[in-house]
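Data block for work30.txt (compact mmCIF, C-alpha atoms):
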# COMPACT_ATOMS: atom_id res chain seq x y z
CA MET F 130 141.85 75.92 116.83
CA LEU F 131 140.81 72.39 117.82
CA GLY F 132 140.63 73.54 121.43
CA ILE F 133 138.25 76.37 120.54
CA LEU F 134 136.07 74.01 118.50
CA ARG F 135 136.06 71.46 121.33
CA ASN F 136 134.99 74.14 123.82
CA LEU F 137 132.16 75.25 121.53
CA LEU F 138 130.96 71.67 121.14
CA ASP F 139 131.22 71.10 124.90
CA ASP F 140 129.21 74.26 125.63
CA ASN F 141 126.57 73.19 123.11
CA ALA F 142 126.38 69.73 124.65
CA LYS F 143 125.98 71.23 128.13
CA GLU F 144 123.21 73.51 126.87
CA ILE F 145 121.37 70.61 125.25
CA LYS F 146 121.70 68.65 128.49
CA ARG F 147 120.22 71.52 130.51
CA LEU F 148 117.36 71.93 128.06
CA SER F 149 116.74 68.17 128.00
CA LYS F 150 116.03 68.25 131.73
CA LYS F 151 113.37 70.90 131.13
CA VAL F 152 111.87 68.80 128.35
CA GLU F 153 111.78 65.73 130.60
CA THR F 154 109.83 67.70 133.20
CA ILE F 155 107.36 68.91 130.55
CA ASN F 156 106.94 65.40 129.17
CA SER F 157 106.34 63.99 132.65
CA LEU F 158 103.18 66.13 132.84
CA GLU F 159 101.77 64.96 129.52
CA ASP F 160 99.64 62.07 130.82
CA TYR F 161 98.07 64.26 133.51
CA ILE F 162 97.35 67.12 131.09
CA ARG F 163 95.99 64.77 128.41
CA LYS F 164 93.29 63.46 130.77
CA LEU F 165 91.87 66.93 131.44
CA PRO F 166 88.56 67.76 129.69
CA ASP F 167 88.51 70.85 127.47
CA ASP F 168 87.04 73.18 130.08
CA ALA F 169 89.55 72.07 132.72
CA LEU F 170 92.42 72.51 130.27
CA ALA F 171 91.23 76.00 129.33
CA SER F 172 90.80 76.93 132.99
CA LYS F 173 94.54 76.35 133.52
CA THR F 174 95.10 79.89 132.22
CA ALA F 175 93.16 81.44 135.11
CA GLU F 176 94.94 79.08 137.49
CA PHE F 177 98.36 80.16 136.21
CA LYS F 178 97.43 83.84 136.48
CA GLN F 179 96.34 83.33 140.08
CA GLN F 180 99.66 81.66 140.86
CA LEU F 181 101.50 84.65 139.40
CA ASP F 182 99.40 87.00 141.53
CA ASN F 183 100.42 84.93 144.56
CA GLY F 184 104.11 85.46 143.80
CA THR F 185 105.00 82.43 141.67
CA GLU F 186 107.70 83.15 139.06
CA LEU F 187 107.12 82.52 135.33
CA GLU F 188 110.07 80.12 135.32
CA GLU F 189 108.24 77.90 137.82
CA LEU F 190 105.15 77.82 135.62
CA LEU F 191 107.08 77.02 132.43
CA PRO F 192 106.88 73.18 132.45
CA GLU F 193 103.14 72.96 133.07
CA ALA F 194 102.33 75.95 130.85
CA PHE F 195 104.28 74.41 127.96
CA ALA F 196 102.53 71.08 128.53
CA VAL F 197 99.15 72.85 128.44
CA VAL F 198 99.99 74.62 125.16
CA ARG F 199 101.18 71.38 123.59
CA GLU F 200 97.93 69.61 124.52
CA ALA F 201 95.81 72.56 123.33
CA ALA F 202 97.67 72.58 119.99
CA TRP F 203 96.96 68.88 119.56
CA ARG F 204 93.26 69.25 120.33
CA VAL F 205 92.70 72.39 118.25
CA LEU F 206 95.11 71.98 115.34
CA GLY F 207 96.14 68.34 115.44
CA MET F 208 99.75 69.47 115.90
CA ARG F 209 102.00 68.28 118.73
CA HIS F 210 105.21 70.04 119.74
CA PHE F 211 108.27 67.81 119.40
CA ASP F 212 110.99 67.84 122.04
CA VAL F 213 113.26 70.02 119.90
CA GLN F 214 110.42 72.55 119.60
CA LEU F 215 110.03 72.57 123.38
CA MET F 216 113.76 73.37 123.60
CA GLY F 217 113.30 76.20 121.11
CA GLY F 218 110.44 77.56 123.21
CA VAL F 219 112.62 77.63 126.33
CA ILE F 220 115.37 79.47 124.45
CA LEU F 221 112.92 82.10 123.18
CA HIS F 222 111.45 82.55 126.65
CA GLN F 223 114.96 83.30 127.90
CA GLY F 224 115.30 86.11 125.36
CA ARG F 225 117.80 84.30 123.18
CA ILE F 226 117.91 83.44 119.47
CA ALA F 227 116.73 80.00 118.37
CA GLU F 228 117.86 79.05 114.86
CA MET F 229 115.63 76.49 113.19
CA LYS F 230 115.55 75.19 109.65
CA THR F 231 112.62 75.67 107.28
CA GLY F 232 109.96 73.12 108.10
CA GLU F 233 110.99 72.59 111.72
CA GLY F 234 107.95 74.49 112.94
CA LYS F 235 109.11 77.94 114.10
CA THR F 236 105.52 79.19 114.02
CA LEU F 237 104.38 76.48 116.43
CA VAL F 238 107.44 76.96 118.66
CA ALA F 239 106.52 80.61 119.27
CA THR F 240 103.18 79.60 120.85
CA LEU F 241 104.98 78.23 123.91
CA PRO F 242 106.82 81.34 125.17
CA ALA F 243 104.07 83.60 123.82
CA TYR F 244 101.44 81.90 125.99
CA LEU F 245 103.72 81.76 129.04
CA ASN F 246 104.60 85.47 128.90
CA ALA F 247 101.03 86.50 128.03
CA LEU F 248 99.94 85.14 131.42
CA THR F 249 101.35 88.32 132.99
CA GLY F 250 98.67 90.38 131.22
CA LYS F 251 101.32 92.80 129.95
CA GLY F 252 101.01 91.86 126.26
CA VAL F 253 103.21 89.82 123.93
CA HIS F 254 104.22 91.05 120.46
CA ILE F 255 104.92 88.48 117.75
CA ILE F 256 106.72 90.36 115.01
CA THR F 257 107.00 89.12 111.43
CA VAL F 258 108.08 90.54 108.08
CA ASN F 259 104.79 91.09 106.24
CA ASP F 260 101.03 91.46 106.68
CA TYR F 261 100.29 88.09 105.09
CA LEU F 262 102.33 86.13 107.66
CA ALA F 263 100.99 88.21 110.53
CA ARG F 264 97.39 87.62 109.45
CA ARG F 265 97.97 83.93 108.73
CA ASP F 266 99.64 83.22 112.07
CA ALA F 267 97.10 85.24 114.06
CA ASP F 268 94.29 83.19 112.53
CA TRP F 269 96.14 79.86 112.64
CA MET F 270 98.01 79.89 115.95
CA GLY F 271 95.40 82.18 117.44
CA GLN F 272 93.09 79.18 117.72
CA ILE F 273 95.36 77.79 120.45
CA TYR F 274 95.37 81.01 122.47
CA ARG F 275 91.62 81.52 122.14
CA PHE F 276 90.97 77.94 123.24
CA LEU F 277 92.99 78.74 126.37
CA GLY F 278 91.05 81.94 127.02
CA LEU F 279 93.51 84.54 125.74
CA LYS F 280 92.70 87.40 123.37
CA VAL F 281 94.59 87.75 120.07
CA GLY F 282 95.19 91.06 118.29
CA LEU F 283 96.38 91.79 114.75
CA ILE F 284 98.17 94.96 113.66
CA VAL F 285 98.21 95.40 109.87
CA HIS F 286 98.02 98.28 107.41
CA GLY F 287 94.71 100.09 107.18
CA LEU F 288 93.50 99.93 110.80
CA ASP F 289 92.05 103.08 112.36
CA PHE F 290 92.92 104.41 115.84
CA ALA F 291 90.18 102.51 117.68
CA GLU F 292 91.01 99.23 115.94
CA ARG F 293 94.70 99.59 116.77
CA LYS F 294 94.01 100.45 120.39
CA GLU F 295 91.76 97.40 120.74
CA ALA F 296 94.35 95.12 119.08
CA TYR F 297 97.12 96.31 121.38
CA ALA F 298 94.92 95.60 124.41
CA ALA F 299 94.97 91.88 123.52
CA ASP F 300 97.15 89.33 125.31
CA ILE F 301 99.07 88.37 122.18
CA ILE F 302 99.50 90.77 119.26
CA TYR F 303 100.67 89.74 115.79
CA GLY F 304 102.00 92.34 113.35
CA THR F 305 104.89 93.54 111.22
CA ASN F 306 107.98 95.37 112.39
CA ASN F 307 107.01 98.44 110.35
CA GLU F 308 103.52 98.67 111.83
CA PHE F 309 104.79 98.26 115.39
CA GLY F 310 107.58 100.75 114.73
CA PHE F 311 105.37 103.45 113.27
CA ASP F 312 102.82 103.07 116.06
CA TYR F 313 105.66 103.53 118.54
CA LEU F 314 106.74 106.74 116.76
CA ARG F 315 103.17 108.06 116.63
CA ASP F 316 102.74 107.34 120.33
CA ASN F 317 105.87 109.35 121.04
CA MET F 318 104.28 112.30 119.22
CA ALA F 319 101.07 112.07 121.27
CA LEU F 320 100.32 114.95 123.62
CA ARG F 321 98.10 112.95 125.99
CA PRO F 322 98.11 109.28 127.13
CA GLU F 323 94.66 108.68 125.65
CA GLN F 324 96.07 109.47 122.20
CA MET F 325 98.44 106.48 122.40
CA VAL F 326 97.62 103.00 121.12
CA GLN F 327 100.43 100.87 122.56
CA ARG F 328 100.85 99.76 126.15
CA ASN F 329 104.22 99.59 127.90
CA LEU F 330 106.46 97.21 125.96
CA TYR F 331 107.10 93.91 127.75
CA TYR F 332 108.02 90.85 125.65
CA ALA F 333 108.42 90.24 121.91
CA ILE F 334 109.22 87.31 119.64
CA ILE F 335 110.78 88.22 116.29
CA ASN F 336 110.42 85.92 113.31
CA GLU F 337 113.25 86.17 110.74
CA VAL F 338 115.29 88.13 113.28
CA ASP F 339 118.28 88.55 110.94
CA SER F 340 116.09 90.18 108.30
CA ILE F 341 114.27 92.50 110.69
CA LEU F 342 117.08 93.55 113.02
CA ILE F 343 119.90 93.63 110.44
CA ASP F 344 118.70 93.92 106.83
CA GLU F 345 115.59 96.05 107.28
CA ALA F 346 117.15 98.03 110.12
CA ARG F 347 119.22 99.84 107.47
CA THR F 348 116.05 101.66 106.41
CA PRO F 349 114.99 104.00 109.24
CA LEU F 350 111.34 104.48 110.13
CA ILE F 351 110.51 108.17 109.85
CA ILE F 352 107.28 110.11 110.30
CA SER F 353 107.37 113.39 108.47
CA GLY F 354 105.16 116.41 107.89
CA GLN F 355 105.02 119.01 105.13
CA ALA F 356 107.48 121.89 105.20
CA ASP F 357 106.48 125.18 103.67
CA LYS F 358 109.00 125.36 100.81
CA PRO F 359 108.42 126.32 97.15
CA THR F 360 108.67 123.59 94.51
CA GLN F 361 109.77 125.56 91.42
CA THR F 362 113.47 125.00 92.09
CA TYR F 363 113.05 121.22 91.84
CA TYR F 364 111.72 121.53 88.27
CA ALA F 365 114.41 124.02 87.28
CA VAL F 366 117.27 121.85 88.53
CA ALA F 367 115.70 118.69 87.07
CA LYS F 368 116.01 120.21 83.59
CA ILE F 369 119.77 120.77 83.75
CA ILE F 370 120.96 117.44 85.21
CA PRO F 371 120.21 115.39 82.04
CA ARG F 372 122.53 117.77 80.12
CA LEU F 373 125.51 116.64 82.21
CA LYS F 374 127.79 113.84 80.99
CA GLY F 375 128.73 110.84 83.08
CA ASP F 376 132.41 110.52 84.16
CA GLU F 377 133.09 113.92 82.67
CA ASP F 378 130.70 116.01 84.77
CA TYR F 379 129.98 113.60 87.62
CA THR F 380 131.10 110.28 89.09
CA ILE F 381 128.97 107.50 90.58
CA ASP F 382 129.76 105.11 93.41
CA GLU F 383 127.03 102.46 93.10
CA LYS F 384 128.11 100.61 96.23
CA ALA F 385 127.99 103.71 98.44
CA ARG F 386 124.96 105.05 96.51
CA VAL F 387 126.67 108.39 95.99
CA ALA F 388 126.85 110.67 92.92
CA THR F 389 129.36 113.53 92.96
CA LEU F 390 129.92 116.44 90.61
CA THR F 391 133.42 116.85 89.16
CA GLU F 392 135.11 120.25 88.96
CA LYS F 393 134.02 120.49 85.35
CA GLY F 394 130.47 119.48 86.28
CA ILE F 395 130.31 122.10 89.00
CA GLY F 396 131.35 124.75 86.48
CA ARG F 397 128.70 123.67 83.98
CA VAL F 398 125.96 123.66 86.66
CA GLU F 399 126.98 127.12 87.85
CA LYS F 400 126.82 128.42 84.29
CA MET F 401 123.40 126.88 83.61
CA LEU F 402 121.97 128.15 86.91
CA GLY F 403 123.60 131.57 86.56
CA VAL F 404 125.42 131.52 89.89
CA GLU F 405 129.03 132.43 90.57
CA ASN F 406 129.79 129.85 93.24
CA LEU F 407 127.41 126.92 93.84
CA TYR F 408 128.94 126.29 97.25
CA ASP F 409 128.69 129.81 98.67
CA ASP F 410 126.76 129.99 101.93
CA GLU F 411 123.95 131.84 100.17
CA ASN F 412 123.57 128.91 97.73
CA THR F 413 123.47 126.14 100.35
CA GLU F 414 119.87 125.24 99.59
CA LEU F 415 120.47 125.38 95.83
CA SER F 416 123.46 123.02 96.07
CA HIS F 417 121.27 120.66 98.13
CA HIS F 418 118.71 120.70 95.28
CA VAL F 419 121.47 119.93 92.75
CA ASN F 420 122.83 117.02 94.78
CA ASN F 421 119.35 115.52 95.19
CA ALA F 422 118.57 115.96 91.50
CA LEU F 423 121.87 114.31 90.54
CA ARG F 424 121.11 111.38 92.82
CA ALA F 425 117.54 111.13 91.51
CA HIS F 426 118.72 110.98 87.88
CA THR F 427 121.74 108.72 88.30
CA LEU F 428 121.07 106.38 91.22
CA MET F 429 117.30 106.12 91.66
CA LYS F 430 115.94 103.84 88.97
CA ARG F 431 112.31 103.71 87.92
CA ASP F 432 110.67 100.26 88.38
CA ARG F 433 113.51 99.25 90.70
CA ASP F 434 113.65 101.82 93.49
CA TYR F 435 110.23 103.30 92.79
CA VAL F 436 107.29 103.16 90.40
CA VAL F 437 105.11 105.91 89.00
CA LYS F 438 101.45 105.10 89.45
CA ASP F 439 98.49 107.45 88.88
CA GLY F 440 100.84 110.42 88.79
CA GLU F 441 102.49 109.50 92.09
CA VAL F 442 106.01 108.26 92.88
CA ILE F 443 105.74 105.19 95.13
CA ILE F 444 108.78 103.62 96.81
CA VAL F 445 109.50 99.92 96.22
CA ASP F 446 110.69 98.01 99.30
CA GLU F 447 114.17 96.75 98.39
CA PHE F 448 113.74 93.59 100.49
CA THR F 449 110.19 92.47 99.64
CA GLY F 450 109.47 94.23 96.34
CA ARG F 451 106.21 95.56 97.79
CA LEU F 452 104.95 99.06 97.05
CA MET F 453 105.31 101.23 100.14
CA PHE F 454 102.25 103.46 99.92
CA GLY F 455 102.50 106.56 102.07
CA ARG F 456 106.28 106.32 102.50
CA ARG F 457 108.45 109.10 101.06
CA TYR F 458 112.18 109.68 100.77
CA SER F 459 113.33 112.44 103.09
CA GLU F 460 115.51 115.52 102.74
CA GLY F 461 113.96 116.52 99.39
CA LEU F 462 114.97 113.38 97.46
CA HIS F 463 111.37 112.34 96.83
CA GLN F 464 110.59 115.76 95.35
CA ALA F 465 113.67 115.53 93.13
CA ILE F 466 112.40 112.19 91.78
CA GLU F 467 108.93 113.70 91.20
CA ALA F 468 110.54 116.57 89.24
CA LYS F 469 112.59 114.07 87.23
CA GLU F 470 109.44 112.11 86.32
CA GLY F 471 107.44 115.27 85.57
CA VAL F 472 104.66 114.54 88.06
CA LYS F 473 103.14 116.90 90.61
CA ILE F 474 105.61 117.70 93.39
CA GLU F 475 104.27 117.27 96.89
CA ARG F 476 105.73 119.71 99.37
CA GLU F 477 108.98 118.66 101.03
CA SER F 478 108.61 116.86 104.31
CA GLN F 479 110.33 117.50 107.61
CA THR F 480 111.07 114.75 110.13
CA LEU F 481 108.68 114.74 113.08
CA ALA F 482 109.61 111.38 114.64

Spell out the structure here as structure tokens.
Amino acid sequence: MLGILRNLLDDNAKEIKRLSKKVETINSLEDYIRKLPDDALASKTAEFKQQLDNGTELEELLPEAFAVVREAAWRVLGMRHFDVQLMGGVILHQGRIAEMKTGEGKTLVATLPAYLNALTGKGVHIITVNDYLARRDADWMGQIYRFLGLKVGLIVHGLDFAERKEAYAADIIYGTNNEFGFDYLRDNMALRPEQMVQRNLYYAIINEVDSILIDEARTPLIISGQADKPTQTYYAVAKIIPRLKGDEDYTIDEKARVATLTEKGIGRVEKMLGVENLYDDENTELSHHVNNALRAHTLMKRDRDYVVKDGEVIIVDEFTGRLMFGRRYSEGLHQAIEAKEGVKIERESQTLA
């Protein structure tokens, strides 16, 4: 055990040593960069792009590009990247995860690899968890990029096609994982290239990576369209589920989010619906309605999982508590909740992307 721990510490020490050499190189350029007037500092962007066109690798540009961003941040925001932030920037550029504590300046760290990779002209996505942070960082950190001659885009809820297309054409694009994800799905449904808003994906920085790639990844992004199915059955089934008794007619597994009819419950449902066997092939759709209605009544809680507002069932994001306008549960569950709440049932959706 001690050997494993020692190896981990040795590897960490070696990594810090390698990164420290990079930081020393960046710091050695500080005096030269500091003496540049604003226009000369801003013109470094065009100079870097020309070097890339001539075959220079991004890795070779990293020290001077980082030094330029640090100086621009100081002049525009009065903020100077510390050595540990330079190390974090190198790690992010290499496509690895940099863990930093609250207050250590993750937002400022991201400007370093974002600027460097934006020099390619292929677009850099900076992905965060909500519209507020995306808008704040685009306005705040965007001052650095604009000073250096780069364009900044912002992808938030409510943009039309033209606005999204223009934002994605920018050098650095801020937005939320949901917005980027849904735009990707919509682009995959497009019939012609001109109907797409995103460019080819190149480089992204993810803020709160554990939340976005682990926690929120449990909720799939789905684009659906209306299926032509009648809604009367939802209301009919919704009336019989409240007459069932917990434990006796059905069991609930809260952890697995599953509600299951018991043998007795199946018999009672069959009697109330007037069918001989709920699970006959001819009753497949009916049994699906029953299962959704049971789940809607026993597992989906009003003001926790959803709210009813202006006669509409709106999903509540389980991670942020925000209302998810326009999002609907799939496979008929949303309609079962609407029947339970006695509001107008929108036609069932089918998954398109």

Determine the nearest neighbour of Arg275 of chain F from the options F:Tyr313, F:Ile381, F:Ala425, F:Ala202, counting only C-alpha atoms.
-> F:Ala202

Looking at F:Ile256, F:Val198, F:Ala267, F:Ala142, which one is nearest to Lys280 of chain F, with distances taken over all atoms listed in the file?
->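 So, comparing all the options, the nearest one is F:Ala267.
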
Could you pull the residues within 9 Å of segment 452-467 of chain F, counting all atoms listed in the file, minus those fewer than 5 positions along the same chain, as JSON, numbers by chain?
-> {"F": [351, 352, 353, 360, 363, 364, 366, 367, 417, 418, 419, 421, 422, 423, 424, 425, 426, 429, 435, 436, 437, 441, 442, 443, 444, 445, 446, 472, 473, 474, 475, 476, 477, 478, 479, 480]}

Ala298 of chain F environment, 9 Å, all atoms listed in the file, sequence neighbours closer than 3 positions dropped, as a PyMOL selection string | chain F and resi 251-252+280-282+293-295+301-302+326-328

Give me the residues within 8 Å of segment 179-196 of chain F as a ChimeraX atom specification, counting all atoms listed in the file and dropping any in the same chain fewer than 6 places off.
-> /F:151-152,154-156,158-159,162,215,241-242,244-246,249

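Relative to atom CA of Gln272 of chain F, atom CA of Glu308 of chain F is found at 22.9 Å.
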
Between F:Lys173, F:Glu411, F:Asn329, F:Gly217, which has the minimum distance to Glu144 of chain F (counting all atoms listed in the file)?
-> F:Gly217

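With all atoms listed in the file as the atoms that count, the residue of F:Arg431, F:Lys230, F:Arg372, F:His286 with the shortest distance to Asp260 of chain F is F:His286.
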
Within 10 Å of Phe448 of chain F using all atoms listed in the file, minus same-chain residues under 2 positions, as a PyMOL selection string | chain F and resi 258+340+344-345+445-446+450-451

Using the selection just defined, write its residues with C-alpha atoms as a PDB file, in the coordinates of the input.
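Final output, selection.pdb:
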ATOM      1  CA  VAL F 258     108.080  90.540 108.080  1.00  0.00           C
ATOM      2  CA  SER F 340     116.090  90.180 108.300  1.00  0.00           C
ATOM      3  CA  ASP F 344     118.700  93.920 106.830  1.00  0.00           C
ATOM      4  CA  GLU F 345     115.590  96.050 107.280  1.00  0.00           C
ATOM      5  CA  VAL F 445     109.500  99.920  96.220  1.00  0.00           C
ATOM      6  CA  ASP F 446     110.690  98.010  99.300  1.00  0.00           C
ATOM      7  CA  GLY F 450     109.470  94.230  96.340  1.00  0.00           C
ATOM      8  CA  ARG F 451     106.210  95.560  97.790  1.00  0.00           C
TER       9      ARG F 451
END

Would you mind completing segment 198-222 of chain F so that it carries N, CA and C atoms, and writing it out as a PDB file, keeping the file's coordinate frame?
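Everything below was put into result30.pdb:
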ATOM      1  N   VAL F 198     100.006  74.122 126.546  1.00  0.00           N
ATOM      2  CA  VAL F 198      99.990  74.620 125.160  1.00  0.00           C
ATOM      3  C   VAL F 198     100.123  73.455 124.184  1.00  0.00           C
ATOM      4  N   ARG F 199     101.003  72.517 124.497  1.00  0.00           N
ATOM      5  CA  ARG F 199     101.180  71.380 123.590  1.00  0.00           C
ATOM      6  C   ARG F 199      99.878  70.586 123.457  1.00  0.00           C
ATOM      7  N   GLU F 200      99.185  70.363 124.568  1.00  0.00           N
ATOM      8  CA  GLU F 200      97.930  69.610 124.520  1.00  0.00           C
ATOM      9  C   GLU F 200      96.852  70.406 123.777  1.00  0.00           C
ATOM     10  N   ALA F 201      96.797  71.712 124.015  1.00  0.00           N
ATOM     11  CA  ALA F 201      95.810  72.560 123.330  1.00  0.00           C
ATOM     12  C   ALA F 201      96.056  72.551 121.825  1.00  0.00           C
ATOM     13  N   ALA F 202      97.329  72.600 121.419  1.00  0.00           N
ATOM     14  CA  ALA F 202      97.670  72.580 119.990  1.00  0.00           C
ATOM     15  C   ALA F 202      97.215  71.275 119.352  1.00  0.00           C
ATOM     16  N   TRP F 203      97.363  70.193 120.088  1.00  0.00           N
ATOM     17  CA  TRP F 203      96.960  68.880 119.560  1.00  0.00           C
ATOM     18  C   TRP F 203      95.439  68.809 119.392  1.00  0.00           C
ATOM     19  N   ARG F 204      94.726  69.327 120.395  1.00  0.00           N
ATOM     20  CA  ARG F 204      93.260  69.250 120.330  1.00  0.00           C
ATOM     21  C   ARG F 204      92.673  70.201 119.290  1.00  0.00           C
ATOM     22  N   VAL F 205      93.273  71.376 119.147  1.00  0.00           N
ATOM     23  CA  VAL F 205      92.700  72.390 118.250  1.00  0.00           C
ATOM     24  C   VAL F 205      93.206  72.249 116.821  1.00  0.00           C
ATOM     25  N   LEU F 206      94.502  71.987 116.672  1.00  0.00           N
ATOM     26  CA  LEU F 206      95.110  71.980 115.340  1.00  0.00           C
ATOM     27  C   LEU F 206      95.570  70.593 114.874  1.00  0.00           C
ATOM     28  N   GLY F 207      95.597  69.643 115.797  1.00  0.00           N
ATOM     29  CA  GLY F 207      96.140  68.340 115.440  1.00  0.00           C
ATOM     30  C   GLY F 207      97.645  68.364 115.297  1.00  0.00           C
ATOM     31  N   MET F 208      98.286  69.318 115.963  1.00  0.00           N
ATOM     32  CA  MET F 208      99.750  69.470 115.900  1.00  0.00           C
ATOM     33  C   MET F 208     100.319  69.317 117.307  1.00  0.00           C
ATOM     34  N   ARG F 209     101.373  68.509 117.428  1.00  0.00           N
ATOM     35  CA  ARG F 209     102.000  68.280 118.730  1.00  0.00           C
ATOM     36  C   ARG F 209     103.447  68.745 118.690  1.00  0.00           C
ATOM     37  N   HIS F 210     103.842  69.542 119.668  1.00  0.00           N
ATOM     38  CA  HIS F 210     105.210  70.040 119.740  1.00  0.00           C
ATOM     39  C   HIS F 210     106.178  68.879 119.997  1.00  0.00           C
ATOM     40  N   PHE F 211     107.208  68.792 119.165  1.00  0.00           N
ATOM     41  CA  PHE F 211     108.270  67.810 119.400  1.00  0.00           C
ATOM     42  C   PHE F 211     109.219  68.334 120.478  1.00  0.00           C
ATOM     43  N   ASP F 212     110.064  67.439 120.976  1.00  0.00           N
ATOM     44  CA  ASP F 212     110.990  67.840 122.040  1.00  0.00           C
ATOM     45  C   ASP F 212     111.898  68.985 121.622  1.00  0.00           C
ATOM     46  N   VAL F 213     112.370  68.953 120.367  1.00  0.00           N
ATOM     47  CA  VAL F 213     113.260  70.020 119.900  1.00  0.00           C
ATOM     48  C   VAL F 213     112.521  71.356 119.847  1.00  0.00           C
ATOM     49  N   GLN F 214     111.212  71.322 119.604  1.00  0.00           N
ATOM     50  CA  GLN F 214     110.420  72.550 119.600  1.00  0.00           C
ATOM     51  C   GLN F 214     110.219  73.069 121.027  1.00  0.00           C
ATOM     52  N   LEU F 215     110.098  72.155 121.978  1.00  0.00           N
ATOM     53  CA  LEU F 215     110.030  72.570 123.380  1.00  0.00           C
ATOM     54  C   LEU F 215     111.323  73.280 123.782  1.00  0.00           C
ATOM     55  N   MET F 216     112.460  72.738 123.315  1.00  0.00           N
ATOM     56  CA  MET F 216     113.760  73.370 123.600  1.00  0.00           C
ATOM     57  C   MET F 216     113.804  74.774 123.004  1.00  0.00           C
ATOM     58  N   GLY F 217     113.329  74.893 121.764  1.00  0.00           N
ATOM     59  CA  GLY F 217     113.300  76.200 121.110  1.00  0.00           C
ATOM     60  C   GLY F 217     112.435  77.186 121.878  1.00  0.00           C
ATOM     61  N   GLY F 218     111.323  76.706 122.422  1.00  0.00           N
ATOM     62  CA  GLY F 218     110.440  77.560 123.210  1.00  0.00           C
ATOM     63  C   GLY F 218     111.115  78.078 124.468  1.00  0.00           C
ATOM     64  N   VAL F 219     111.890  77.217 125.121  1.00  0.00           N
ATOM     65  CA  VAL F 219     112.620  77.630 126.330  1.00  0.00           C
ATOM     66  C   VAL F 219     113.643  78.707 125.975  1.00  0.00           C
ATOM     67  N   ILE F 220     114.357  78.488 124.886  1.00  0.00           N
ATOM     68  CA  ILE F 220     115.370  79.470 124.450  1.00  0.00           C
ATOM     69  C   ILE F 220     114.727  80.829 124.183  1.00  0.00           C
ATOM     70  N   LEU F 221     113.597  80.832 123.483  1.00  0.00           N
ATOM     71  CA  LEU F 221     112.920  82.100 123.180  1.00  0.00           C
ATOM     72  C   LEU F 221     112.409  82.770 124.447  1.00  0.00           C
ATOM     73  N   HIS F 222     111.914  81.977 125.377  1.00  0.00           N
ATOM     74  CA  HIS F 222     111.450  82.550 126.650  1.00  0.00           C
ATOM     75  C   HIS F 222     112.593  83.256 127.374  1.00  0.00           C
TER      76      HIS F 222
END
